[in-house]
file entry-v1.txt (compact mmCIF, C-alpha atoms)
# COMPACT_ATOMS: atom_id res chain seq x y z
CA MET A 288 80.70 119.32 73.15
CA THR A 289 81.90 117.90 76.48
CA THR A 290 85.50 118.58 77.49
CA PRO A 291 87.27 115.32 78.36
CA ARG A 292 87.98 115.10 82.07
CA ARG A 293 90.01 111.90 82.13
CA PRO A 294 93.29 112.83 83.80
CA ALA A 295 96.58 111.70 82.25
CA ILE A 296 98.85 110.61 85.11
CA GLY A 297 102.60 110.32 84.57
CA VAL A 298 104.46 107.80 86.73
CA PHE A 299 108.24 107.89 86.93
CA ASP A 300 110.70 105.35 88.36
CA SER A 301 114.32 104.37 87.88
CA GLY A 302 113.16 100.95 86.71
CA PHE A 303 110.44 98.42 87.46
CA GLY A 304 109.49 98.93 91.11
CA GLY A 305 107.28 101.92 90.34
CA LEU A 306 104.96 99.57 88.47
CA THR A 307 103.62 98.52 91.91
CA VAL A 308 102.56 102.16 92.34
CA LEU A 309 100.96 102.11 88.89
CA LYS A 310 99.18 98.88 89.84
CA ALA A 311 97.77 100.56 92.96
CA LEU A 312 96.72 103.59 90.89
CA LEU A 313 94.94 101.38 88.35
CA GLU A 314 93.03 99.64 91.13
CA LEU A 315 92.00 102.90 92.80
CA ILE A 316 91.60 105.17 89.74
CA PRO A 317 90.71 102.88 86.82
CA HIS A 318 89.15 105.57 84.61
CA SER A 319 92.33 107.56 84.01
CA ASP A 320 95.09 107.33 81.43
CA TYR A 321 98.66 106.53 82.44
CA LEU A 322 102.15 107.20 81.10
CA TYR A 323 104.93 105.23 82.79
CA PHE A 324 108.62 106.07 82.41
CA GLY A 325 111.21 103.51 83.58
CA ASP A 326 114.80 104.78 83.38
CA THR A 327 116.05 101.21 83.08
CA ALA A 328 119.31 102.10 81.29
CA ARG A 329 120.52 104.16 84.24
CA LEU A 330 119.34 102.15 87.24
CA PRO A 331 120.03 101.73 90.08
CA TYR A 332 119.73 105.30 91.29
CA GLY A 333 120.88 104.30 94.77
CA SER A 334 124.55 104.42 93.81
CA LYS A 335 124.29 107.87 92.17
CA SER A 336 124.83 111.31 93.72
CA ALA A 337 121.84 113.46 94.65
CA GLU A 338 122.74 115.86 91.81
CA THR A 339 122.77 113.05 89.23
CA VAL A 340 119.50 111.58 90.50
CA ALA A 341 117.87 115.01 90.30
CA ARG A 342 119.11 115.53 86.73
CA TYR A 343 117.89 112.11 85.56
CA ALA A 344 114.54 112.52 87.31
CA ILE A 345 113.94 116.00 85.87
CA GLU A 346 114.72 114.75 82.35
CA ALA A 347 112.26 111.89 82.71
CA THR A 348 109.48 113.92 84.30
CA ARG A 349 109.88 116.64 81.64
CA TYR A 350 109.51 113.91 78.99
CA LEU A 351 106.27 112.75 80.62
CA GLU A 352 104.96 116.32 80.72
CA GLN A 353 105.77 116.75 77.03
CA HIS A 354 103.71 113.63 76.33
CA GLY A 355 100.66 114.97 78.12
CA ALA A 356 101.02 114.10 81.80
CA GLN A 357 98.85 116.43 83.89
CA LEU A 358 100.07 115.11 87.22
CA LEU A 359 103.39 113.42 88.06
CA VAL A 360 103.94 110.59 90.51
CA VAL A 361 107.58 110.07 91.48
CA ALA A 362 107.22 106.35 92.20
CA CYS A 363 110.89 105.96 93.14
CA ASN A 364 111.83 106.17 96.82
CA THR A 365 115.41 107.21 96.01
CA ALA A 366 114.35 110.00 93.64
CA THR A 367 111.69 111.15 96.11
CA ALA A 368 114.20 111.17 98.96
CA LEU A 369 116.98 112.94 97.08
CA ALA A 370 115.30 115.12 94.50
CA LEU A 371 111.58 115.74 95.08
CA ASP A 372 112.04 119.43 95.83
CA LYS A 373 114.09 119.93 92.65
CA ILE A 374 111.54 118.01 90.55
CA GLU A 375 108.70 120.13 91.98
CA ALA A 376 110.62 123.33 91.24
CA ARG A 377 111.09 122.39 87.57
CA SER A 378 107.69 120.82 86.96
CA GLY A 379 104.75 122.59 85.39
CA VAL A 380 102.21 120.18 86.89
CA PRO A 381 101.48 118.88 90.43
CA VAL A 382 103.99 116.32 91.75
CA VAL A 383 103.44 113.52 94.28
CA GLY A 384 106.26 111.50 95.85
CA VAL A 385 105.99 108.20 97.71
CA ILE A 386 107.54 109.10 101.08
CA GLU A 387 105.08 111.60 102.57
CA PRO A 388 102.03 109.40 101.77
CA GLY A 389 103.74 106.37 103.32
CA ALA A 390 104.69 108.33 106.43
CA GLU A 391 101.18 109.74 106.78
CA SER A 392 99.60 106.27 106.54
CA ALA A 393 102.05 104.90 109.10
CA SER A 394 101.25 107.80 111.44
CA LYS A 395 97.55 106.98 111.24
CA GLU A 396 98.19 103.24 111.69
CA SER A 397 100.62 103.30 114.62
CA LYS A 398 99.11 103.20 118.12
CA ASN A 399 102.32 103.41 120.15
CA ARG A 400 104.12 105.84 117.79
CA LYS A 401 106.99 103.43 117.04
CA VAL A 402 107.49 102.60 113.36
CA VAL A 403 110.06 100.55 111.43
CA VAL A 404 110.89 101.45 107.81
CA ILE A 405 112.66 99.04 105.48
CA GLY A 406 114.19 100.20 102.19
CA THR A 407 117.29 100.32 100.04
CA GLU A 408 120.63 101.66 101.28
CA ALA A 409 120.10 104.96 99.42
CA THR A 410 116.62 105.57 100.79
CA VAL A 411 117.63 104.67 104.35
CA SER A 412 120.83 106.73 104.30
CA SER A 413 118.81 109.78 103.15
CA HIS A 414 116.72 109.50 106.36
CA ALA A 415 113.78 110.96 104.43
CA TYR A 416 111.27 108.55 106.00
CA ARG A 417 112.65 109.14 109.50
CA ARG A 418 112.32 112.92 109.10
CA ALA A 419 108.79 112.62 107.71
CA LEU A 420 107.76 110.34 110.58
CA GLU A 421 109.46 112.39 113.30
CA GLN A 422 107.61 115.47 112.03
CA ARG A 423 104.43 113.54 112.85
CA GLY A 424 105.59 112.68 116.36
CA ILE A 425 106.66 109.14 115.48
CA GLN A 426 109.78 107.40 116.75
CA ALA A 427 111.23 105.76 113.62
CA LYS A 428 113.86 103.12 112.96
CA GLU A 429 115.15 102.58 109.43
CA LYS A 430 116.63 99.31 108.21
CA ALA A 431 118.39 98.85 104.87
CA CYS A 432 117.60 95.52 103.19
CA PRO A 433 119.86 95.52 100.10
CA LEU A 434 119.38 91.85 99.17
CA LEU A 435 115.60 92.04 98.74
CA VAL A 436 115.50 93.98 95.45
CA PRO A 437 117.72 91.53 93.50
CA LEU A 438 115.73 88.60 94.92
CA VAL A 439 112.48 90.17 93.71
CA GLU A 440 113.94 90.89 90.28
CA GLU A 441 115.20 87.29 90.11
CA GLY A 442 111.58 86.21 90.57
CA TRP A 443 112.21 84.55 93.95
CA ILE A 444 108.96 85.89 95.36
CA ASP A 445 108.03 82.79 97.41
CA HIS A 446 111.51 81.27 97.68
CA ASN A 447 112.66 80.00 101.08
CA VAL A 448 115.92 81.95 100.65
CA THR A 449 113.91 85.19 100.37
CA GLU A 450 111.99 84.24 103.51
CA GLN A 451 115.19 83.46 105.43
CA ILE A 452 116.83 86.75 104.44
CA ALA A 453 113.69 88.77 105.18
CA ARG A 454 113.47 87.10 108.60
CA ILE A 455 117.06 88.12 109.41
CA TYR A 456 116.43 91.72 108.34
CA LEU A 457 113.17 92.05 110.30
CA ASN A 458 114.61 90.39 113.42
CA GLU A 459 117.32 93.06 113.35
CA ALA A 460 114.82 95.83 112.61
CA PHE A 461 112.48 94.92 115.48
CA ALA A 462 115.27 94.85 118.08
CA ASP A 463 117.20 97.26 120.27
CA GLY A 464 114.20 99.01 121.76
CA PHE A 465 111.86 98.46 118.81
CA GLU A 466 110.54 95.04 119.87
CA ASN A 467 107.16 96.69 120.46
CA GLY A 468 107.18 98.75 117.23
CA ASP A 469 103.70 98.25 115.82
CA THR A 470 103.98 99.35 112.18
CA LEU A 471 106.23 98.35 109.27
CA VAL A 472 106.55 100.69 106.28
CA LEU A 473 107.52 99.13 102.95
CA GLY A 474 109.87 101.90 101.85
CA CYS A 475 110.75 100.35 98.51
CA THR A 476 108.41 99.78 95.59
CA HIS A 477 109.78 96.25 95.05
CA TYR A 478 108.61 95.08 98.46
CA PRO A 479 104.85 94.77 97.76
CA LEU A 480 105.73 91.71 95.65
CA ILE A 481 107.00 89.93 98.76
CA ARG A 482 104.35 91.30 101.12
CA ARG A 483 103.14 87.76 101.87
CA VAL A 484 106.65 86.75 102.96
CA LEU A 485 107.09 89.92 105.01
CA ARG A 486 103.74 89.34 106.71
CA LYS A 487 104.88 85.82 107.60
CA VAL A 488 108.19 86.86 109.17
CA ALA A 489 107.13 90.17 110.79
CA PRO A 490 105.90 90.06 114.40
CA ASP A 491 102.19 89.23 114.55
CA HIS A 492 101.25 92.52 116.22
CA VAL A 493 102.79 94.61 113.42
CA ALA A 494 100.66 96.35 110.77
CA ILE A 495 102.18 96.68 107.29
CA VAL A 496 101.92 99.97 105.39
CA ASP A 497 102.53 99.93 101.64
CA SER A 498 103.72 103.31 100.31
CA ALA A 499 102.40 102.40 96.84
CA GLN A 500 98.82 102.10 98.08
CA SER A 501 99.18 105.22 100.24
CA THR A 502 100.46 107.22 97.26
CA ALA A 503 97.60 106.07 95.04
CA GLN A 504 95.11 107.25 97.67
CA VAL A 505 96.77 110.70 97.80
CA VAL A 506 96.54 110.96 94.00
CA LYS A 507 92.87 109.97 94.08
CA ASP A 508 92.16 112.63 96.72
CA MET A 509 94.00 115.26 94.64
CA LEU A 510 91.96 114.38 91.56
CA GLY A 511 88.70 114.17 93.49
CA LYS A 512 86.81 116.95 91.72
CA SER A 513 87.88 116.07 88.17
CA LEU A 514 87.10 112.38 88.77
CA SER A 515 83.62 113.18 90.07
CA GLU A 516 82.95 115.40 87.05
CA ALA A 517 83.92 112.74 84.51
CA THR A 518 81.09 111.72 82.21
CA GLU A 519 79.65 108.21 82.28
CA ASP A 520 81.26 107.47 78.90
CA GLU A 521 84.66 108.56 80.22
CA ARG A 522 84.25 106.38 83.32
CA ARG A 523 83.47 103.33 81.21
CA LYS A 524 86.60 103.63 79.06
CA MET A 525 89.46 101.29 79.88
CA PRO A 526 92.62 103.08 81.03
CA ARG A 527 95.07 103.82 78.23
CA LEU A 528 98.53 102.69 79.27
CA LYS A 529 101.69 103.83 77.54
CA PHE A 530 105.16 102.82 78.71
CA PHE A 531 108.57 104.36 78.05
CA ALA A 532 111.87 102.60 78.86
CA THR A 533 115.46 103.74 78.33
CA ASP A 534 116.79 100.17 77.95
CA SER A 535 115.53 96.90 76.45
CA VAL A 536 111.85 97.05 75.57
CA GLU A 537 111.60 93.25 75.65
CA LYS A 538 113.06 93.02 79.15
CA PHE A 539 110.69 95.74 80.29
CA ARG A 540 107.71 93.79 78.95
CA THR A 541 108.81 90.54 80.58
CA LEU A 542 109.98 91.73 83.99
CA GLY A 543 107.49 94.57 84.17
CA ALA A 544 104.51 92.23 83.85
CA ARG A 545 105.58 90.57 87.10
CA PHE A 546 105.35 93.90 88.94
CA LEU A 547 102.18 95.16 87.26
CA GLY A 548 100.32 91.87 87.42
CA ARG A 549 99.20 92.13 83.79
CA GLU A 550 100.67 91.99 80.31
CA ILE A 551 102.57 95.07 79.13
CA GLU A 552 102.19 95.90 75.45
CA ASP A 553 102.65 99.54 74.43
CA VAL A 554 106.35 100.08 75.28
CA HIS A 555 108.47 102.71 73.54
CA HIS A 556 112.27 102.93 73.71
CA VAL A 557 113.52 106.38 74.74
CA ASP A 558 117.10 107.59 74.41
CA LEU A 559 117.71 110.44 76.82
CA LYS A 560 121.01 111.96 75.77
CA GLU A 561 123.57 112.60 78.47
call {"tool": "encode", "arguments": {"input": "entry-v1.txt", "output": "structure tokens"}}
result
Amino acid sequence: MTTPRRPAIGVFDSGFGGLTVLKALLELIPHSDYLYFGDTARLPYGSKSAETVARYAIEATRYLEQHGAQLLVVACNTATALALDKIEARSGVPVVGVIEPGAESASKESKNRKVVVIGTEATVSSHAYRRALEQRGIQAKEKACPLLVPLVEEGWIDHNVTEQIARIYLNEAFADGFENGDTLVLGCTHYPLIRRVLRKVAPDHVAIVDSAQSTAQVVKDMLGKSLSEATEDERRKMPRLKFFATDSVEKFRTLGARFLGREIEDVHHVDLKE
């Protein structure tokens, strides 16, 4: 009897943005099974202390492990920035965050070693991307763009207001010595939804790096051997997707579909006790 080799990948986020990471994983590693945990009752994490974020993240990742996750993806920039080391210390399976993969991709992309990172206030104030880039010999500038997440969640993906605000942010980001910066890192998992707008308003010479896609590639590389050993029957199976949310299941289905680009069906409500 053949031992199943389909990996079960757990993906954790404070809410909906991590679904863009799951989308990238599904595109790159379609013959795996996925468990997604959105801590929607306790978002946003950006206003919480590092200790609180670590506690919430460890609870959620432990829940995913208990439900069979063999590898954990922390698809939340804030949790990665503030708590990745604590999550790794408490986890019994390999853990991948979104910041190192994004920084590594930007390092490979940038020709003149000058990179701009946009993200939420919490991610930017942690300076996690800047440290990761500077370790790779990159001069980095971080720019907080707090209005972009609510615009994305409002569904204003192609709205002219979103374009105007993004233009203001990027004009400020690519200024003060960074006019010739040649790479833009999307340091928030909401931003892939407005990539078209960001491409339109960013300087023409700038390459855009999506941390979601970079993270999915790292996961694929980590799973390389087990993926290559999967049987033909296992490869042909559609991915099994199971979702867990700590707030409204209906809202998760509706808003989550916008991020994932497909209908969301198997959602379970989870009550993590304080």
call {"tool": "atom_distance", "arguments": {"input": "entry-v1.txt", "atom1": "atom CA of A:Ala415", "atom2": "atom CA of A:Thr449"}}
result
26.1 Å
call {"tool": "closest_residue", "arguments": {"input": "entry-v1.txt", "among": "A:Gln357, A:Gln500, A:Asn399, A:Thr410", "to": "A:Leu369", "atoms": "only C-alpha atoms"}}
result
A:Thr410
call {"tool": "residues_around", "arguments": {"input": "entry-v1.txt", "residues": "A:Gly297", "least_positions_apart": "5", "cutoff": "10 Å", "atoms": "all atoms listed in the file", "output": "ChimeraX atom specification"}}
result
/A:309,320-324,347-348,350-352,354-362,382,529-530
call {"tool": "closest_residue", "arguments": {"input": "entry-v1.txt", "among": "A:Thr476, A:Gln504, A:Thr533, A:Asn458", "to": "A:Val488", "atoms": "only C-alpha atoms"}}
result
A:Asn458
call {"tool": "residues_near_point", "arguments": {"input": "entry-v1.txt", "point": "(106.1, 82.1, 101.3)", "cutoff": "9 Å", "atoms": "all atoms listed in the file", "output": "VMD selection string"}}
result
chain A and resid 444 to 447 449 to 450 481 483 to 485 487
call {"tool": "write_last_selection", "arguments": {"input": "entry-v1.txt", "atoms": "C-alpha atoms", "output": "short mmCIF file (atom, residue, chain, number, x, y, z; two decimals), in the frame of the given file"}}
result
data_model
loop_
_atom_site.label_atom_id
_atom_site.label_comp_id
_atom_site.auth_asym_id
_atom_site.auth_seq_id
_atom_site.Cartn_x
_atom_site.Cartn_y
_atom_site.Cartn_z
CA ILE A 444 108.96 85.89 95.36
CA ASP A 445 108.03 82.79 97.41
CA HIS A 446 111.51 81.27 97.68
CA ASN A 447 112.66 80.00 101.08
CA THR A 449 113.91 85.19 100.37
CA GLU A 450 111.99 84.24 103.51
CA ILE A 481 107.00 89.93 98.76
CA ARG A 483 103.14 87.76 101.87
CA VAL A 484 106.65 86.75 102.96
CA LEU A 485 107.09 89.92 105.01
CA LYS A 487 104.88 85.82 107.60
#
call {"tool": "residues_around", "arguments": {"input": "entry-v1.txt", "residues": "A:Tyr416", "least_positions_apart": "4", "cutoff": "9 Å", "atoms": "all atoms listed in the file", "output": "list in words"}}
result
Ala368, Ile386, Glu387, Gly389, Ala390, Val404, Thr410, Val411, Leu420, Glu421, Ala427, Glu429 and Gly474 of chain A
call {"tool": "closest_atom_pairs", "arguments": {"input": "entry-v1.txt", "of": "stretch 371-450 of chain A", "to": "stretch 538-558 of chain A", "cutoff": "10 Å", "atoms": "all atoms listed in the file", "output": "CSV"}}
result
residue,atom,partner,partner_atom,distance
A:Val439,CA,A:Phe546,CA,9.4
A:Glu440,CA,A:Leu542,CA,7.5
A:Glu441,CA,A:Leu542,CA,9.2
A:Gly442,CA,A:Arg545,CA,8.2
call {"tool": "build_atoms", "arguments": {"input": "entry-v1.txt", "residues": "stretch 396-413 of chain A", "atoms": "N, CA and C atoms", "output": "short mmCIF file (atom, residue, chain, number, x, y, z; two decimals), in the frame of the given file"}}
result
data_model
loop_
_atom_site.label_atom_id
_atom_site.label_comp_id
_atom_site.auth_asym_id
_atom_site.auth_seq_id
_atom_site.Cartn_x
_atom_site.Cartn_y
_atom_site.Cartn_z
N GLU A 396 98.28 104.66 111.32
CA GLU A 396 98.19 103.24 111.69
C GLU A 396 98.78 102.97 113.07
N SER A 397 99.88 103.63 113.40
CA SER A 397 100.62 103.30 114.62
C SER A 397 99.89 103.77 115.88
N LYS A 398 99.75 102.87 116.84
CA LYS A 398 99.11 103.20 118.12
C LYS A 398 100.14 103.68 119.13
N ASN A 399 101.32 103.05 119.13
CA ASN A 399 102.32 103.41 120.15
C ASN A 399 103.41 104.33 119.62
N ARG A 400 103.23 104.83 118.39
CA ARG A 400 104.12 105.84 117.79
C ARG A 400 105.53 105.32 117.60
N LYS A 401 105.68 104.03 117.33
CA LYS A 401 106.99 103.43 117.04
C LYS A 401 106.89 102.67 115.73
N VAL A 402 107.64 103.13 114.72
CA VAL A 402 107.49 102.60 113.36
C VAL A 402 108.85 102.18 112.81
N VAL A 403 108.86 101.04 112.13
CA VAL A 403 110.06 100.55 111.43
C VAL A 403 109.87 100.76 109.93
N VAL A 404 110.90 101.27 109.27
CA VAL A 404 110.89 101.45 107.81
C VAL A 404 111.98 100.58 107.21
N ILE A 405 111.64 99.78 106.21
CA ILE A 405 112.66 99.04 105.48
C ILE A 405 112.76 99.60 104.06
N GLY A 406 113.99 99.64 103.53
CA GLY A 406 114.19 100.20 102.19
C GLY A 406 115.59 99.89 101.69
N THR A 407 115.95 100.51 100.59
CA THR A 407 117.29 100.32 100.04
C THR A 407 118.29 101.15 100.85
N GLU A 408 119.57 100.90 100.60
CA GLU A 408 120.63 101.66 101.28
C GLU A 408 120.46 103.16 101.03
N ALA A 409 120.19 103.53 99.77
CA ALA A 409 120.10 104.96 99.42
C ALA A 409 118.94 105.63 100.13
N THR A 410 117.79 104.98 100.14
CA THR A 410 116.62 105.57 100.79
C THR A 410 116.84 105.70 102.30
N VAL A 411 117.40 104.65 102.90
CA VAL A 411 117.63 104.67 104.35
C VAL A 411 118.68 105.71 104.73
N SER A 412 119.76 105.79 103.95
CA SER A 412 120.83 106.73 104.30
C SER A 412 120.39 108.18 104.10
N SER A 413 119.34 108.41 103.31
CA SER A 413 118.81 109.78 103.15
C SER A 413 118.02 110.22 104.38
#
